[in-house]
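Pasted below: final35.txt, compact mmCIF, N, CA and C atoms.
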# COMPACT_ATOMS: atom_id res chain seq x y z
N MET A 1 19.07 -5.56 -10.29
CA MET A 1 17.96 -5.06 -9.49
C MET A 1 16.89 -4.49 -10.43
N ILE A 2 15.64 -4.67 -10.00
CA ILE A 2 14.51 -4.02 -10.65
C ILE A 2 13.75 -3.23 -9.59
N ILE A 3 12.91 -2.32 -10.05
CA ILE A 3 12.05 -1.56 -9.16
C ILE A 3 10.64 -2.10 -9.31
N LEU A 4 9.96 -2.30 -8.18
CA LEU A 4 8.57 -2.73 -8.20
C LEU A 4 7.67 -1.51 -8.02
N ASP A 5 6.71 -1.36 -8.91
CA ASP A 5 5.71 -0.32 -8.72
C ASP A 5 4.89 -0.69 -7.49
N THR A 6 4.25 0.29 -6.89
CA THR A 6 3.55 0.08 -5.63
C THR A 6 2.55 -1.07 -5.69
N HIS A 7 1.72 -1.08 -6.73
CA HIS A 7 0.69 -2.12 -6.81
C HIS A 7 1.30 -3.51 -6.98
N ILE A 8 2.40 -3.62 -7.70
CA ILE A 8 3.08 -4.91 -7.89
C ILE A 8 3.59 -5.40 -6.54
N TRP A 9 4.17 -4.50 -5.77
CA TRP A 9 4.69 -4.85 -4.43
C TRP A 9 3.55 -5.35 -3.54
N ILE A 10 2.44 -4.63 -3.53
CA ILE A 10 1.28 -5.03 -2.72
C ILE A 10 0.78 -6.41 -3.17
N TRP A 11 0.61 -6.58 -4.47
CA TRP A 11 0.10 -7.85 -4.98
C TRP A 11 1.02 -9.00 -4.60
N TRP A 12 2.35 -8.77 -4.68
CA TRP A 12 3.31 -9.82 -4.37
C TRP A 12 3.24 -10.19 -2.88
N VAL A 13 3.31 -9.18 -2.02
CA VAL A 13 3.31 -9.42 -0.58
C VAL A 13 2.00 -10.10 -0.16
N ASP A 14 0.89 -9.68 -0.75
CA ASP A 14 -0.42 -10.23 -0.39
C ASP A 14 -0.79 -11.47 -1.20
N ASN A 15 0.15 -11.95 -2.04
CA ASN A 15 -0.08 -13.14 -2.86
C ASN A 15 -1.38 -13.01 -3.66
N SER A 16 -1.56 -11.88 -4.27
CA SER A 16 -2.78 -11.58 -5.03
C SER A 16 -2.81 -12.33 -6.35
N PRO A 17 -3.97 -12.83 -6.74
CA PRO A 17 -4.10 -13.45 -8.07
C PRO A 17 -3.96 -12.43 -9.19
N ARG A 18 -3.97 -11.14 -8.87
CA ARG A 18 -3.78 -10.10 -9.90
C ARG A 18 -2.34 -10.10 -10.43
N LEU A 19 -1.40 -10.62 -9.64
CA LEU A 19 -0.01 -10.70 -10.08
C LEU A 19 0.10 -11.83 -11.09
N THR A 20 0.55 -11.50 -12.30
CA THR A 20 0.62 -12.49 -13.36
C THR A 20 1.80 -13.44 -13.15
N ASP A 21 1.76 -14.57 -13.83
CA ASP A 21 2.88 -15.51 -13.77
C ASP A 21 4.16 -14.85 -14.25
N GLN A 22 4.06 -14.02 -15.30
CA GLN A 22 5.24 -13.33 -15.82
C GLN A 22 5.81 -12.37 -14.79
N GLN A 23 4.95 -11.63 -14.11
CA GLN A 23 5.41 -10.70 -13.08
C GLN A 23 6.06 -11.45 -11.92
N ARG A 24 5.46 -12.58 -11.52
CA ARG A 24 6.07 -13.42 -10.47
C ARG A 24 7.45 -13.91 -10.90
N SER A 25 7.55 -14.28 -12.16
CA SER A 25 8.82 -14.76 -12.69
C SER A 25 9.89 -13.68 -12.62
N TYR A 26 9.54 -12.46 -13.03
CA TYR A 26 10.49 -11.34 -12.94
C TYR A 26 10.94 -11.13 -11.49
N ILE A 27 10.00 -11.18 -10.56
CA ILE A 27 10.33 -10.97 -9.15
C ILE A 27 11.28 -12.06 -8.66
N HIS A 28 10.97 -13.30 -8.93
CA HIS A 28 11.83 -14.40 -8.47
C HIS A 28 13.20 -14.36 -9.15
N GLN A 29 13.21 -13.99 -10.41
CA GLN A 29 14.48 -13.90 -11.15
C GLN A 29 15.38 -12.81 -10.57
N HIS A 30 14.80 -11.70 -10.16
CA HIS A 30 15.60 -10.55 -9.70
C HIS A 30 15.74 -10.45 -8.18
N GLN A 31 15.05 -11.31 -7.45
CA GLN A 31 15.11 -11.26 -5.99
C GLN A 31 16.54 -11.33 -5.45
N PRO A 32 17.39 -12.20 -5.99
CA PRO A 32 18.77 -12.24 -5.47
C PRO A 32 19.56 -10.94 -5.70
N ASP A 33 19.21 -10.20 -6.77
CA ASP A 33 19.91 -8.95 -7.10
C ASP A 33 19.29 -7.75 -6.41
N GLY A 34 18.06 -7.90 -5.94
CA GLY A 34 17.38 -6.82 -5.25
C GLY A 34 16.11 -6.38 -5.96
N LEU A 35 15.12 -6.08 -5.15
CA LEU A 35 13.83 -5.57 -5.60
C LEU A 35 13.66 -4.20 -4.96
N GLY A 36 13.82 -3.16 -5.75
CA GLY A 36 13.77 -1.81 -5.23
C GLY A 36 12.34 -1.34 -5.01
N ILE A 37 12.13 -0.71 -3.87
CA ILE A 37 10.85 -0.10 -3.54
C ILE A 37 11.13 1.37 -3.23
N SER A 38 10.54 2.25 -4.03
CA SER A 38 10.69 3.68 -3.75
C SER A 38 10.01 4.02 -2.43
N LEU A 39 10.62 4.89 -1.69
CA LEU A 39 10.03 5.34 -0.43
C LEU A 39 8.62 5.87 -0.62
N ILE A 40 8.35 6.45 -1.78
CA ILE A 40 7.00 6.98 -2.04
C ILE A 40 5.97 5.86 -2.04
N SER A 41 6.37 4.62 -2.33
CA SER A 41 5.42 3.51 -2.32
C SER A 41 4.88 3.27 -0.91
N CYS A 42 5.70 3.47 0.09
CA CYS A 42 5.22 3.33 1.47
C CYS A 42 4.16 4.37 1.77
N TRP A 43 4.38 5.58 1.32
CA TRP A 43 3.40 6.65 1.49
C TRP A 43 2.13 6.33 0.73
N GLU A 44 2.27 5.82 -0.51
CA GLU A 44 1.08 5.48 -1.30
C GLU A 44 0.24 4.41 -0.62
N VAL A 45 0.89 3.40 -0.05
CA VAL A 45 0.16 2.36 0.67
C VAL A 45 -0.59 2.98 1.85
N ALA A 46 0.08 3.80 2.65
CA ALA A 46 -0.54 4.40 3.81
C ALA A 46 -1.72 5.30 3.41
N LYS A 47 -1.56 6.07 2.34
CA LYS A 47 -2.63 6.95 1.87
C LYS A 47 -3.81 6.14 1.34
N ALA A 48 -3.54 5.04 0.65
CA ALA A 48 -4.62 4.21 0.12
C ALA A 48 -5.42 3.57 1.26
N VAL A 49 -4.75 3.17 2.32
CA VAL A 49 -5.44 2.63 3.49
C VAL A 49 -6.25 3.74 4.15
N GLU A 50 -5.64 4.91 4.32
CA GLU A 50 -6.32 6.04 4.96
C GLU A 50 -7.62 6.39 4.23
N SER A 51 -7.59 6.36 2.90
CA SER A 51 -8.76 6.76 2.11
C SER A 51 -9.77 5.63 1.92
N GLY A 52 -9.41 4.44 2.39
CA GLY A 52 -10.33 3.31 2.25
C GLY A 52 -10.24 2.60 0.91
N ARG A 53 -9.28 2.98 0.06
CA ARG A 53 -9.10 2.32 -1.24
C ARG A 53 -8.35 1.01 -1.14
N LEU A 54 -7.72 0.75 0.01
CA LEU A 54 -6.92 -0.46 0.19
C LEU A 54 -7.17 -1.02 1.59
N GLY A 55 -7.45 -2.29 1.63
CA GLY A 55 -7.55 -2.99 2.90
C GLY A 55 -6.40 -3.96 3.03
N LEU A 56 -5.79 -4.02 4.18
CA LEU A 56 -4.65 -4.90 4.41
C LEU A 56 -4.98 -5.88 5.52
N SER A 57 -4.25 -6.96 5.57
CA SER A 57 -4.46 -7.99 6.59
C SER A 57 -3.89 -7.58 7.95
N LEU A 58 -3.10 -6.54 7.97
CA LEU A 58 -2.45 -6.03 9.20
C LEU A 58 -2.66 -4.52 9.26
N PRO A 59 -2.50 -3.91 10.44
CA PRO A 59 -2.47 -2.44 10.48
C PRO A 59 -1.36 -1.94 9.56
N VAL A 60 -1.57 -0.78 8.96
CA VAL A 60 -0.68 -0.30 7.91
C VAL A 60 0.79 -0.26 8.34
N GLN A 61 1.10 0.20 9.53
CA GLN A 61 2.50 0.25 9.95
C GLN A 61 3.09 -1.16 10.04
N ASP A 62 2.33 -2.10 10.58
CA ASP A 62 2.81 -3.48 10.67
C ASP A 62 2.99 -4.08 9.29
N TRP A 63 2.03 -3.80 8.39
CA TRP A 63 2.14 -4.33 7.03
C TRP A 63 3.39 -3.78 6.35
N LEU A 64 3.63 -2.48 6.47
CA LEU A 64 4.80 -1.88 5.83
C LEU A 64 6.10 -2.47 6.39
N GLU A 65 6.18 -2.63 7.69
CA GLU A 65 7.39 -3.22 8.28
C GLU A 65 7.58 -4.66 7.79
N PHE A 66 6.49 -5.42 7.72
CA PHE A 66 6.53 -6.79 7.21
C PHE A 66 6.95 -6.80 5.74
N ALA A 67 6.35 -5.93 4.93
CA ALA A 67 6.61 -5.90 3.48
C ALA A 67 8.02 -5.42 3.14
N ILE A 68 8.55 -4.51 3.93
CA ILE A 68 9.92 -4.04 3.71
C ILE A 68 10.94 -5.13 4.04
N ALA A 69 10.57 -6.02 4.94
CA ALA A 69 11.47 -7.10 5.35
C ALA A 69 11.41 -8.31 4.41
N TYR A 70 10.59 -8.26 3.38
CA TYR A 70 10.49 -9.38 2.44
C TYR A 70 11.84 -9.63 1.78
N PRO A 71 12.16 -10.88 1.48
CA PRO A 71 13.47 -11.21 0.88
C PRO A 71 13.72 -10.43 -0.42
N GLY A 72 14.86 -9.77 -0.45
CA GLY A 72 15.29 -9.05 -1.64
C GLY A 72 14.88 -7.58 -1.67
N ILE A 73 13.97 -7.19 -0.80
CA ILE A 73 13.47 -5.81 -0.84
C ILE A 73 14.55 -4.84 -0.38
N GLN A 74 14.72 -3.78 -1.17
CA GLN A 74 15.63 -2.69 -0.81
C GLN A 74 14.87 -1.39 -0.94
N LEU A 75 14.72 -0.68 0.16
CA LEU A 75 14.02 0.59 0.16
C LEU A 75 14.91 1.65 -0.50
N LEU A 76 14.36 2.34 -1.49
CA LEU A 76 15.11 3.34 -2.24
C LEU A 76 14.66 4.73 -1.81
N ASP A 77 15.56 5.46 -1.23
CA ASP A 77 15.28 6.80 -0.71
C ASP A 77 15.27 7.80 -1.86
N PHE A 78 14.76 8.99 -1.58
CA PHE A 78 14.81 10.08 -2.54
C PHE A 78 16.21 10.69 -2.51
N THR A 79 16.64 11.14 -3.66
CA THR A 79 17.87 11.92 -3.76
C THR A 79 17.53 13.20 -4.52
N ILE A 80 18.41 14.16 -4.45
CA ILE A 80 18.17 15.41 -5.18
C ILE A 80 18.00 15.11 -6.68
N PRO A 81 18.87 14.29 -7.31
CA PRO A 81 18.66 14.01 -8.74
C PRO A 81 17.30 13.36 -9.03
N ILE A 82 16.82 12.47 -8.16
CA ILE A 82 15.51 11.84 -8.37
C ILE A 82 14.41 12.88 -8.25
N ILE A 83 14.48 13.73 -7.25
CA ILE A 83 13.46 14.76 -7.06
C ILE A 83 13.42 15.70 -8.26
N VAL A 84 14.58 16.13 -8.72
CA VAL A 84 14.62 17.04 -9.87
C VAL A 84 14.12 16.33 -11.13
N GLU A 85 14.54 15.09 -11.33
CA GLU A 85 14.11 14.33 -12.51
C GLU A 85 12.59 14.18 -12.54
N SER A 86 11.98 14.02 -11.36
CA SER A 86 10.52 13.84 -11.31
C SER A 86 9.77 15.06 -11.84
N THR A 87 10.43 16.20 -11.90
CA THR A 87 9.80 17.42 -12.42
C THR A 87 10.07 17.64 -13.90
N LYS A 88 10.83 16.74 -14.52
CA LYS A 88 11.24 16.91 -15.92
C LYS A 88 10.73 15.81 -16.83
N LEU A 89 9.67 15.13 -16.44
CA LEU A 89 9.14 14.01 -17.22
C LEU A 89 8.15 14.53 -18.26
N THR A 90 8.69 15.04 -19.35
CA THR A 90 7.89 15.65 -20.40
C THR A 90 6.83 14.68 -20.91
N GLY A 91 5.59 15.14 -20.91
CA GLY A 91 4.50 14.35 -21.44
C GLY A 91 3.96 13.30 -20.48
N PHE A 92 4.47 13.24 -19.27
CA PHE A 92 4.01 12.25 -18.30
C PHE A 92 2.88 12.87 -17.47
N HIS A 93 2.06 12.04 -16.85
CA HIS A 93 0.92 12.55 -16.10
C HIS A 93 1.36 13.15 -14.75
N ARG A 94 0.42 13.73 -14.04
CA ARG A 94 0.73 14.58 -12.90
C ARG A 94 0.75 13.88 -11.54
N ASP A 95 0.62 12.57 -11.50
CA ASP A 95 0.61 11.85 -10.22
C ASP A 95 2.01 11.89 -9.60
N PRO A 96 2.18 12.54 -8.43
CA PRO A 96 3.52 12.69 -7.87
C PRO A 96 4.15 11.36 -7.47
N GLY A 97 3.36 10.39 -7.04
CA GLY A 97 3.91 9.07 -6.70
C GLY A 97 4.51 8.42 -7.93
N ASP A 98 3.73 8.39 -9.01
CA ASP A 98 4.24 7.81 -10.26
C ASP A 98 5.45 8.58 -10.77
N GLN A 99 5.42 9.90 -10.66
CA GLN A 99 6.55 10.70 -11.11
C GLN A 99 7.83 10.32 -10.37
N LEU A 100 7.73 10.16 -9.06
CA LEU A 100 8.92 9.81 -8.27
C LEU A 100 9.39 8.38 -8.56
N ILE A 101 8.46 7.47 -8.77
CA ILE A 101 8.85 6.09 -9.09
C ILE A 101 9.53 6.03 -10.46
N VAL A 102 8.95 6.70 -11.44
CA VAL A 102 9.56 6.73 -12.78
C VAL A 102 10.91 7.43 -12.74
N ALA A 103 11.01 8.53 -12.01
CA ALA A 103 12.29 9.24 -11.90
C ALA A 103 13.34 8.37 -11.22
N THR A 104 12.94 7.60 -10.22
CA THR A 104 13.88 6.69 -9.55
C THR A 104 14.40 5.66 -10.55
N SER A 105 13.50 5.11 -11.33
CA SER A 105 13.90 4.13 -12.35
C SER A 105 14.88 4.75 -13.35
N ARG A 106 14.57 5.95 -13.78
CA ARG A 106 15.43 6.62 -14.78
C ARG A 106 16.80 6.97 -14.20
N ILE A 107 16.83 7.56 -13.02
CA ILE A 107 18.10 8.00 -12.43
C ILE A 107 18.98 6.79 -12.08
N LEU A 108 18.37 5.75 -11.52
CA LEU A 108 19.15 4.56 -11.14
C LEU A 108 19.37 3.61 -12.31
N GLN A 109 18.75 3.92 -13.44
CA GLN A 109 18.85 3.10 -14.66
C GLN A 109 18.49 1.65 -14.38
N LEU A 110 17.32 1.49 -13.74
CA LEU A 110 16.79 0.17 -13.40
C LEU A 110 15.41 0.02 -14.02
N PRO A 111 15.09 -1.16 -14.55
CA PRO A 111 13.76 -1.36 -15.12
C PRO A 111 12.70 -1.37 -14.02
N LEU A 112 11.50 -0.94 -14.40
CA LEU A 112 10.37 -0.83 -13.50
C LEU A 112 9.33 -1.88 -13.85
N LEU A 113 8.97 -2.71 -12.89
CA LEU A 113 7.94 -3.72 -13.08
C LEU A 113 6.61 -3.09 -12.69
N THR A 114 5.71 -2.96 -13.65
CA THR A 114 4.44 -2.28 -13.44
C THR A 114 3.36 -2.88 -14.32
N ALA A 115 2.11 -2.66 -13.92
CA ALA A 115 0.95 -2.98 -14.75
C ALA A 115 0.17 -1.71 -15.06
N ASP A 116 0.72 -0.57 -14.68
CA ASP A 116 0.07 0.73 -14.86
C ASP A 116 0.16 1.17 -16.32
N GLY A 117 -0.97 1.26 -16.97
CA GLY A 117 -1.01 1.63 -18.38
C GLY A 117 -0.39 2.97 -18.68
N LYS A 118 -0.55 3.94 -17.79
CA LYS A 118 0.02 5.28 -18.01
C LYS A 118 1.54 5.21 -18.01
N ILE A 119 2.10 4.41 -17.12
CA ILE A 119 3.55 4.26 -17.08
C ILE A 119 4.03 3.45 -18.27
N LEU A 120 3.32 2.37 -18.58
CA LEU A 120 3.72 1.51 -19.70
C LEU A 120 3.69 2.26 -21.03
N SER A 121 2.81 3.23 -21.16
CA SER A 121 2.73 3.97 -22.42
C SER A 121 3.73 5.14 -22.48
N TYR A 122 4.40 5.43 -21.38
CA TYR A 122 5.39 6.50 -21.36
C TYR A 122 6.69 5.98 -21.96
N PRO A 123 7.14 6.55 -23.07
CA PRO A 123 8.28 5.97 -23.78
C PRO A 123 9.65 6.19 -23.12
N ASN A 124 9.72 7.05 -22.12
CA ASN A 124 11.02 7.42 -21.56
C ASN A 124 11.38 6.72 -20.26
N VAL A 125 10.88 5.49 -20.09
CA VAL A 125 11.24 4.68 -18.94
C VAL A 125 11.25 3.22 -19.39
N VAL A 126 12.22 2.47 -18.90
CA VAL A 126 12.30 1.04 -19.23
C VAL A 126 11.38 0.28 -18.28
N THR A 127 10.44 -0.46 -18.85
CA THR A 127 9.47 -1.18 -18.02
C THR A 127 9.49 -2.67 -18.33
N LEU A 128 9.04 -3.42 -17.35
CA LEU A 128 8.76 -4.84 -17.48
C LEU A 128 7.27 -5.01 -17.21
N THR A 129 6.63 -5.93 -17.90
CA THR A 129 5.18 -6.12 -17.69
C THR A 129 4.87 -7.53 -17.33
structure tokens encoding of this file:
Amino acid sequence: MIILDTHIWIWWVDNSPRLTDQQRSYIHQHQPDGLGISLISCWEVAKAVESGRLGLSLPVQDWLEFAIAYPGIQLLDFTIPIIVESTKLTGFHRDPGDQLIVATSRILQLPLLTADGKILSYPNVVTLT
């Protein structure tokens, strides 16, 4: 299993040209084992729609239900260890969504597929690009 960062999940579901061939390859390779989506990603999508930073082809609730049902997707809930780990990411930036996604990756010991430069430059998480 791998974890998809929020933007990777959106790009994949929406078949965005921003998703690279390499990222598509990782998704297809790991789809049978599971593609983890942190619960915070659902919140991030809803907040981005609310603020006008993201437009979707469906109302946000319908899009989320559709996107969660995509083949291989496994919604990853918060646990106490993930919440605590998100507060211990020394040298990481202050975005709570990114903190929870990185903490989920670290606690579950799963690589994170992301294009986020701040996450990619953080040495204490295993990433795929």
**OP:** Could you please write out, as a ChimeraX atom specification, every residue of chain A that DSSP assigns to strand (DSSP E or B)?
**Re:** /A:2-4,35-38,73-76,112-113,127-128
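Coordinates place atom C of Leu75 of chain A at a distance of 11.6 Å from atom N of Thr104 of chain A.
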Residues of segment 34-105 of chain A that approach segment 115-127 of chain A to 8 Å or less, counting only C-alpha atoms: could you list each one with the shortest pair of atoms and its distance in Å to one decimal, rows by chain and increasing residue number, as CSV?
residue,atom,partner,partner_atom,distance
A:Gly91,CA,A:Tyr122,CA,7.9
A:Phe92,CA,A:Tyr122,CA,6.7
A:His93,CA,A:Lys118,CA,7.6
A:Asp98,CA,A:Ile119,CA,7.7
A:Val102,CA,A:Val125,CA,6.7
A:Ser105,CA,A:Val125,CA,7.1
Subject >> Pick from A:Thr20, A:Ser38, A:Gln74, A:Pro32, whichever lies nearest to Asp5 of chain A using only C-alpha atoms >> reply: A:Ser38
Can you sort out the box for segment 32-39 of chain A, edges along x, y and z, all listed atoms in, 4 Å on every side, with centre and edge lengths in Å to one decimal, as JSON?
{"center_x": 14.3, "center_y": -3.2, "center_z": -3.8, "size_x": 19.3, "size_y": 26.1, "size_z": 14.7}
**OP:** Report as a VMD selection string: the residues of chain A with a DSSP assignment of alpha helix (DSSP H), based on the backbone of this structure.
**Re:** chain A and resid 6 to 13 21 to 30 39 to 51 60 to 68 80 to 86 96 to 108 117 to 120
Subject >> Atomic separation - atom C of Gln31 of chain A relative to atom N of Gly72 of chain A, Å >> reply: 5.5 Å
**OP:** Rounded to one decimal place, report the atom N of Asp21 of chain A-atom C of Gly55 of chain A distance in Å.
**Re:**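 Atom-to-atom, atom N of Asp21 of chain A and atom C of Gly55 of chain A are spaced 21.5 Å apart.
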Original post:
Pick the closest to Ala46 of chain A from A:Thr6, A:Thr90, A:Gln29, A:Gln22: which is it, counting only C-alpha atoms?
Top reply: A:Thr6
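With only N, CA and C atoms taken into account, the protein and nucleic acid residues at most 8 Å from Ser41 of chain A (excluding it and anything under 2 positions from it in its own chain) are Leu4, Asp5, Thr6, His7, Ile37, Ser38, Leu39, Trp43, Glu44, Val45, Ala46, Lys47, Gly97, Leu100 and Ile101 of chain A.
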Original post:
Pick the closest to Ile73 of chain A from A:Ile27, A:Leu35, A:Val49, A:Leu113: which is it, counting all atoms listed in the file?
Top reply: A:Leu35
Original post:
Which polymer residues have any atom within 9 Å of an atom of Ile83 of chain A, counting only C-alpha atoms, with same-chain residues fewer than 4 positions away left out, as a PyMOL selection string?
Top reply: chain A and resi 78-79+87+99-100+103-104
How would segment 18-28 of chain A look with all heavy atoms restored, written as a PDB file, keeping the file's coordinate frame?
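rebuild_24.pdb, freshly written:
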ATOM      1  N   ARG A  18      -3.970 -11.140  -8.870  1.00  0.00           N
ATOM      2  CA  ARG A  18      -3.780 -10.100  -9.900  1.00  0.00           C
ATOM      3  C   ARG A  18      -2.340 -10.100 -10.430  1.00  0.00           C
ATOM      4  O   ARG A  18      -2.088  -9.608 -11.521  1.00  0.00           O
ATOM      5  CB  ARG A  18      -4.146  -8.740  -9.344  1.00  0.00           C
ATOM      6  CG  ARG A  18      -5.640  -8.670  -8.969  1.00  0.00           C
ATOM      7  CD  ARG A  18      -6.004  -7.350  -8.377  1.00  0.00           C
ATOM      8  NE  ARG A  18      -6.012  -6.333  -9.430  1.00  0.00           N
ATOM      9  CZ  ARG A  18      -6.271  -5.058  -9.217  1.00  0.00           C
ATOM     10  NH1 ARG A  18      -6.538  -4.633  -7.988  1.00  0.00           N
ATOM     11  NH2 ARG A  18      -6.278  -4.193 -10.203  1.00  0.00           N
ATOM     12  N   LEU A  19      -1.400 -10.620  -9.640  1.00  0.00           N
ATOM     13  CA  LEU A  19      -0.010 -10.700 -10.080  1.00  0.00           C
ATOM     14  C   LEU A  19       0.100 -11.830 -11.090  1.00  0.00           C
ATOM     15  O   LEU A  19      -0.211 -12.979 -10.792  1.00  0.00           O
ATOM     16  CB  LEU A  19       0.906 -10.956  -8.876  1.00  0.00           C
ATOM     17  CG  LEU A  19       2.399 -10.762  -9.106  1.00  0.00           C
ATOM     18  CD1 LEU A  19       2.734  -9.308  -9.374  1.00  0.00           C
ATOM     19  CD2 LEU A  19       3.175 -11.249  -7.890  1.00  0.00           C
ATOM     20  N   THR A  20       0.550 -11.500 -12.300  1.00  0.00           N
ATOM     21  CA  THR A  20       0.620 -12.490 -13.360  1.00  0.00           C
ATOM     22  C   THR A  20       1.800 -13.440 -13.150  1.00  0.00           C
ATOM     23  O   THR A  20       2.738 -13.133 -12.400  1.00  0.00           O
ATOM     24  CB  THR A  20       0.766 -11.833 -14.741  1.00  0.00           C
ATOM     25  OG1 THR A  20       2.062 -11.195 -14.810  1.00  0.00           O
ATOM     26  CG2 THR A  20      -0.332 -10.806 -15.003  1.00  0.00           C
ATOM     27  N   ASP A  21       1.760 -14.570 -13.830  1.00  0.00           N
ATOM     28  CA  ASP A  21       2.880 -15.510 -13.770  1.00  0.00           C
ATOM     29  C   ASP A  21       4.160 -14.850 -14.250  1.00  0.00           C
ATOM     30  O   ASP A  21       5.234 -15.079 -13.693  1.00  0.00           O
ATOM     31  CB  ASP A  21       2.582 -16.763 -14.596  1.00  0.00           C
ATOM     32  CG  ASP A  21       1.512 -17.639 -13.967  1.00  0.00           C
ATOM     33  OD1 ASP A  21       1.252 -17.503 -12.749  1.00  0.00           O
ATOM     34  OD2 ASP A  21       0.931 -18.465 -14.701  1.00  0.00           O
ATOM     35  N   GLN A  22       4.060 -14.020 -15.300  1.00  0.00           N
ATOM     36  CA  GLN A  22       5.240 -13.330 -15.820  1.00  0.00           C
ATOM     37  C   GLN A  22       5.810 -12.370 -14.790  1.00  0.00           C
ATOM     38  O   GLN A  22       7.017 -12.293 -14.582  1.00  0.00           O
ATOM     39  CB  GLN A  22       4.915 -12.583 -17.114  1.00  0.00           C
ATOM     40  CG  GLN A  22       6.110 -11.861 -17.723  1.00  0.00           C
ATOM     41  CD  GLN A  22       7.234 -12.798 -18.113  1.00  0.00           C
ATOM     42  OE1 GLN A  22       7.028 -13.737 -18.867  1.00  0.00           O
ATOM     43  NE2 GLN A  22       8.424 -12.567 -17.590  1.00  0.00           N
ATOM     44  N   GLN A  23       4.950 -11.630 -14.110  1.00  0.00           N
ATOM     45  CA  GLN A  23       5.410 -10.700 -13.080  1.00  0.00           C
ATOM     46  C   GLN A  23       6.060 -11.450 -11.920  1.00  0.00           C
ATOM     47  O   GLN A  23       7.113 -11.046 -11.426  1.00  0.00           O
ATOM     48  CB  GLN A  23       4.241  -9.841 -12.582  1.00  0.00           C
ATOM     49  CG  GLN A  23       3.745  -8.880 -13.628  1.00  0.00           C
ATOM     50  CD  GLN A  23       2.352  -8.335 -13.355  1.00  0.00           C
ATOM     51  OE1 GLN A  23       1.588  -8.904 -12.574  1.00  0.00           O
ATOM     52  NE2 GLN A  23       2.012  -7.229 -14.002  1.00  0.00           N
ATOM     53  N   ARG A  24       5.460 -12.580 -11.520  1.00  0.00           N
ATOM     54  CA  ARG A  24       6.070 -13.420 -10.470  1.00  0.00           C
ATOM     55  C   ARG A  24       7.450 -13.910 -10.900  1.00  0.00           C
ATOM     56  O   ARG A  24       8.389 -13.935 -10.107  1.00  0.00           O
ATOM     57  CB  ARG A  24       5.182 -14.613 -10.143  1.00  0.00           C
ATOM     58  CG  ARG A  24       3.991 -14.285  -9.321  1.00  0.00           C
ATOM     59  CD  ARG A  24       3.198 -15.555  -8.952  1.00  0.00           C
ATOM     60  NE  ARG A  24       1.848 -15.207  -8.581  1.00  0.00           N
ATOM     61  CZ  ARG A  24       1.502 -14.693  -7.409  1.00  0.00           C
ATOM     62  NH1 ARG A  24       2.416 -14.493  -6.499  1.00  0.00           N
ATOM     63  NH2 ARG A  24       0.241 -14.389  -7.151  1.00  0.00           N
ATOM     64  N   SER A  25       7.550 -14.280 -12.160  1.00  0.00           N
ATOM     65  CA  SER A  25       8.820 -14.760 -12.690  1.00  0.00           C
ATOM     66  C   SER A  25       9.890 -13.680 -12.620  1.00  0.00           C
ATOM     67  O   SER A  25      11.030 -13.945 -12.221  1.00  0.00           O
ATOM     68  CB  SER A  25       8.627 -15.243 -14.127  1.00  0.00           C
ATOM     69  OG  SER A  25       9.846 -15.654 -14.675  1.00  0.00           O
ATOM     70  N   TYR A  26       9.540 -12.460 -13.030  1.00  0.00           N
ATOM     71  CA  TYR A  26      10.490 -11.340 -12.940  1.00  0.00           C
ATOM     72  C   TYR A  26      10.940 -11.130 -11.490  1.00  0.00           C
ATOM     73  O   TYR A  26      12.128 -10.933 -11.220  1.00  0.00           O
ATOM     74  CB  TYR A  26       9.884 -10.035 -13.449  1.00  0.00           C
ATOM     75  CG  TYR A  26       9.842  -9.885 -14.946  1.00  0.00           C
ATOM     76  CD1 TYR A  26       8.654  -9.531 -15.579  1.00  0.00           C
ATOM     77  CD2 TYR A  26      10.970 -10.062 -15.734  1.00  0.00           C
ATOM     78  CE1 TYR A  26       8.600  -9.364 -16.952  1.00  0.00           C
ATOM     79  CE2 TYR A  26      10.930  -9.907 -17.103  1.00  0.00           C
ATOM     80  CZ  TYR A  26       9.736  -9.554 -17.714  1.00  0.00           C
ATOM     81  OH  TYR A  26       9.687  -9.398 -19.066  1.00  0.00           O
ATOM     82  N   ILE A  27      10.000 -11.180 -10.560  1.00  0.00           N
ATOM     83  CA  ILE A  27      10.330 -10.970  -9.150  1.00  0.00           C
ATOM     84  C   ILE A  27      11.280 -12.060  -8.660  1.00  0.00           C
ATOM     85  O   ILE A  27      12.313 -11.750  -8.045  1.00  0.00           O
ATOM     86  CB  ILE A  27       9.051 -10.910  -8.293  1.00  0.00           C
ATOM     87  CG1 ILE A  27       8.304  -9.604  -8.592  1.00  0.00           C
ATOM     88  CG2 ILE A  27       9.384 -11.019  -6.806  1.00  0.00           C
ATOM     89  CD1 ILE A  27       6.896  -9.538  -8.017  1.00  0.00           C
ATOM     90  N   HIS A  28      10.970 -13.300  -8.930  1.00  0.00           N
ATOM     91  CA  HIS A  28      11.830 -14.400  -8.470  1.00  0.00           C
ATOM     92  C   HIS A  28      13.200 -14.360  -9.150  1.00  0.00           C
ATOM     93  O   HIS A  28      14.220 -14.653  -8.512  1.00  0.00           O
ATOM     94  CB  HIS A  28      11.144 -15.746  -8.671  1.00  0.00           C
ATOM     95  CG  HIS A  28       9.959 -15.922  -7.765  1.00  0.00           C
ATOM     96  ND1 HIS A  28      10.072 -15.963  -6.387  1.00  0.00           N
ATOM     97  CD2 HIS A  28       8.640 -16.028  -8.034  1.00  0.00           C
ATOM     98  CE1 HIS A  28       8.872 -16.096  -5.857  1.00  0.00           C
ATOM     99  NE2 HIS A  28       7.977 -16.131  -6.826  1.00  0.00           N
TER     100      HIS A  28
END
